[in-house]
Amino acid sequence: VAGIELPHKQWPELIGSLLSNSHQLPAHVKQATLETLGYLCEEVSSDVVDQDQVNKILTAVVQGMSSTEVNNDVRLAATRALYNALGFAQANFTNDMERDYIMRVVCEATLSPELKIRQAAFECLVSISASYYEKLAPYIQDIFNITAKAVREDEEPVALQAIEFWSSICDEEIDILEDFVGEFSGDSEVPCFYFIKQALPALVPMLLETLLKQEEDQDLDEGAWNLAMAGGTCLGLVAQTVGDDIIPLVLPFIEENISKPDWRQREAATYAFGSILEGPSPDKLISIVNVALDFMLSALMQDPNNHVKDTTAWTLGRVFEFLHGSTLQTPVITPANCQRIISVLIQSMKDAPNVAEKSCGALYFLAQGYEDSGSSSPLTPFFQDIVQALLVVTHREDAGESRLRTAAYEALNEVVRSSRDDTAPMVMQLVPLIMMELHKTFEVQKLSSEEREKQAELQGLLCGCLQVFIQKLGAFEQTKYVFTQYADQMMGLFLRVFACRSATVHEEAMLAIGALAYATGVDFAKYMPEFFKYLEMGLQNFEEYQVCAITVGVVGDICRALEEKVLPYCDGIMTQLLKDLSSDRLHRSVKPPIFSCFGDIALAIGENFEKYLMYAMPMLQSAAELSAHTPGFDEEMTDYTNLLRDGILEAYSGILQGFKSTAKAPLLMPFAPHILQFLDSLYQEKDMDDAVTKTAVGLLGDLADTLGSHAGPLIQLSVSSREFLNECLSSDDHLIKESAEWARLAITQAVSG
Amino acid sequence: MAPHQVRRPFKRAAISDQQKRRELALLRQQQSRRDSQHQARSSILSLQPE
């Protein structure tokens, strides 16, 4: 109730009344009061409660947490309440005395004899690490001592939170350091205190110890989370934070344990190695990998333990993910070892589902590394064997375990994506095979809800494969014609998929249909009468906004494929797109692509877009006014604003281009002042990214090109046509420069005409 | 009050294949749009003397 009323300034006496209870006895009233305060802080936004009340809440909570509180239930309720109240404590954390007091009480609570209190106190520390990183320096040594003791000696729920504290610090430092090297160089608001680097000599040994605390069947239980998993995950984050410095601290542990008779030691050594492969520079890792590769391939074949093989296959996958690819100077995979690597991975796909799944994953990254390797792929000689092995995996009876079937289809996708035209005929042979698999899923009737879910999952995977095949084969001239002969059957299958209720499957089918429209071009028109209702359904799917977003993209594909033949469907499409834009229920990320889609429609149907101008233009104008100024310095908001601007500019460009050289072009003249004003204000804001700059200067040219001499004087008056255009003409970005040169030409013609 | 969630992705790739397919579809669509616009611009300019 407070969650509803407080934001409306109702029930102002609530917090005061609650706080008056906190001094009262008996303890259960105190406990209930603290729990209520906790829920209140969880539900209500921090700007709803004024600082005076925040101070009172924190005082009551911290008093309840202190070691002088004899009732453990009260202390636990207070500690949990603090966890929720931390978001309110911004001002209190800037005050040294108040912060010291809060931190002292939290640290004391981590030593409570009661497990739940210790766990809740560590949860507070984790939350503080994320919200108040920059205030932690005076306490970090004490926190290290407390967390190290908890990791080594405390019960698992507490130890997991203690490890999470360090993972969270890594998250913070990775973000800060990314900002240092990113485009906002030096602009990070929070300085990096290098806590991880300083703690490294003690932190890494502590984490390595946890790796030896695996559970017997951890790789078979998908929901498992234990000390070894948390420790390895944290070690991976530490490697990303400090880079090369981690190698000398981990290498001795690997060498010490990798050949030990106890599987736990071999697995821990392998897991440690796999965990540190992202972060350090490839130069430092490749010599170690080259020594370890042969050992790992043998372990994957011969180690008697399932967990060791699981982690070995995963580590190989990480090697291929981070240390293999066209950008790396020294290749890990060479003509000398390629065949062995592939044959070991294929052999390993016959192992237990968890091991086979990791081997499929390793193959995925191995193929990914060859995506940009030039005209021929080293995988070509093995293509048939790899595909055959993956298809066998998809048919294993136990392929439903450990995500194995999914991993096999995903690896197949990547192998096909990275293939070259010399293997295109083999990809072509896969098309009817996968279509048959999809067809088979419709034959099974009367399914339980669990079976239906599995069926939908399989249909999603198969649609995903077909999408990849369509994209691949549609890109090769020699296969495109043969491939389009399957289009009718394929479309028939996709339409049957829409009869299923699963959002994931709809999205997959929609993605595949977009690729099909692109590949078939104008021939796609014959599918429209039947497909249109599903297109409308997709555009109406506010709840699963990804489906809606993908469908908007498919509308664009269809417009480009059908051109003016899309016209009979445009009333329905435009009605829905306008509703989507007006809806508060639709995720905001879908709105920029909807604007771009207006441009696609207008470009396809030309002057026939006239009847939509009275609806589309006011929407564009109000969105343009909103997006012209970026509110505050929030990177996420800036990115979104730029996406929105890009969508609006693309819409205007598409509309102008659609009307170009038609008798109805003057109908756009009344919108020209606003478009120029929008361009001017974007230029004056000085915060356009390169994509927006390129689209904006392109639009300037479109305006001149379509409206010609009618708009010439107006364009000449705008800042955009002078300063902005000149800046773009001297841009280092060749796409911006190219658009600017075109705009200059169009403006010159408009002005002189 | 929910406890702090400590479980992180374990032995999982950073982005799924589905996400990769979405992103590749988006890239293809952006490229096709650019191509269409480029074509629309060049077709008119080619008719006009510089």
# chains A, B, ... in the order shown; residues from 1 in each chain; ligands from 1

$ interface_residues --of "chain A" --to "chain B" --cutoff "8 Å" --atoms "only C-alpha atoms" --output "PyMOL selection string"
chain A and resi 38-39+42+80+120+123+160-161+164+225+229-230+233+314+410+464+468+511+515+550+553+556-557+560+600+654+657+702+745-746

$ atom_distance --atom1 "CA of Ala81 in chain A" --atom2 "CA of Arg152 in chain A"
27.3 Å

$ atom_distance --atom1 "CA of Thr693 in chain A" --atom2 "CA of Tyr615 in chain A"
26.4 Å

$ residues_around --residues "Gln240 in chain A" --least-positions-apart "6" --cutoff "9 Å" --atoms "only C-alpha atoms" --output "VMD selection string"
chain A and resid 170 174 276 to 280

$ atom_distance --atom1 "CA of Asn306 in chain A" --atom2 "CA of Asp385 in chain A"
24.9 Å

$ closest_residue --among "A:Met528, A:Ala549, A:Met669, A:Leu725" --to "Ala696 in chain A" --atoms "only C-alpha atoms"
A:Leu725

$ residues_around --residues "range 545-548 of chain A" --least-positions-apart "4" --cutoff "7 Å" --atoms "only C-alpha atoms" --output "ChimeraX atom specification"
/A:503,506-507,538-541,552,586-587
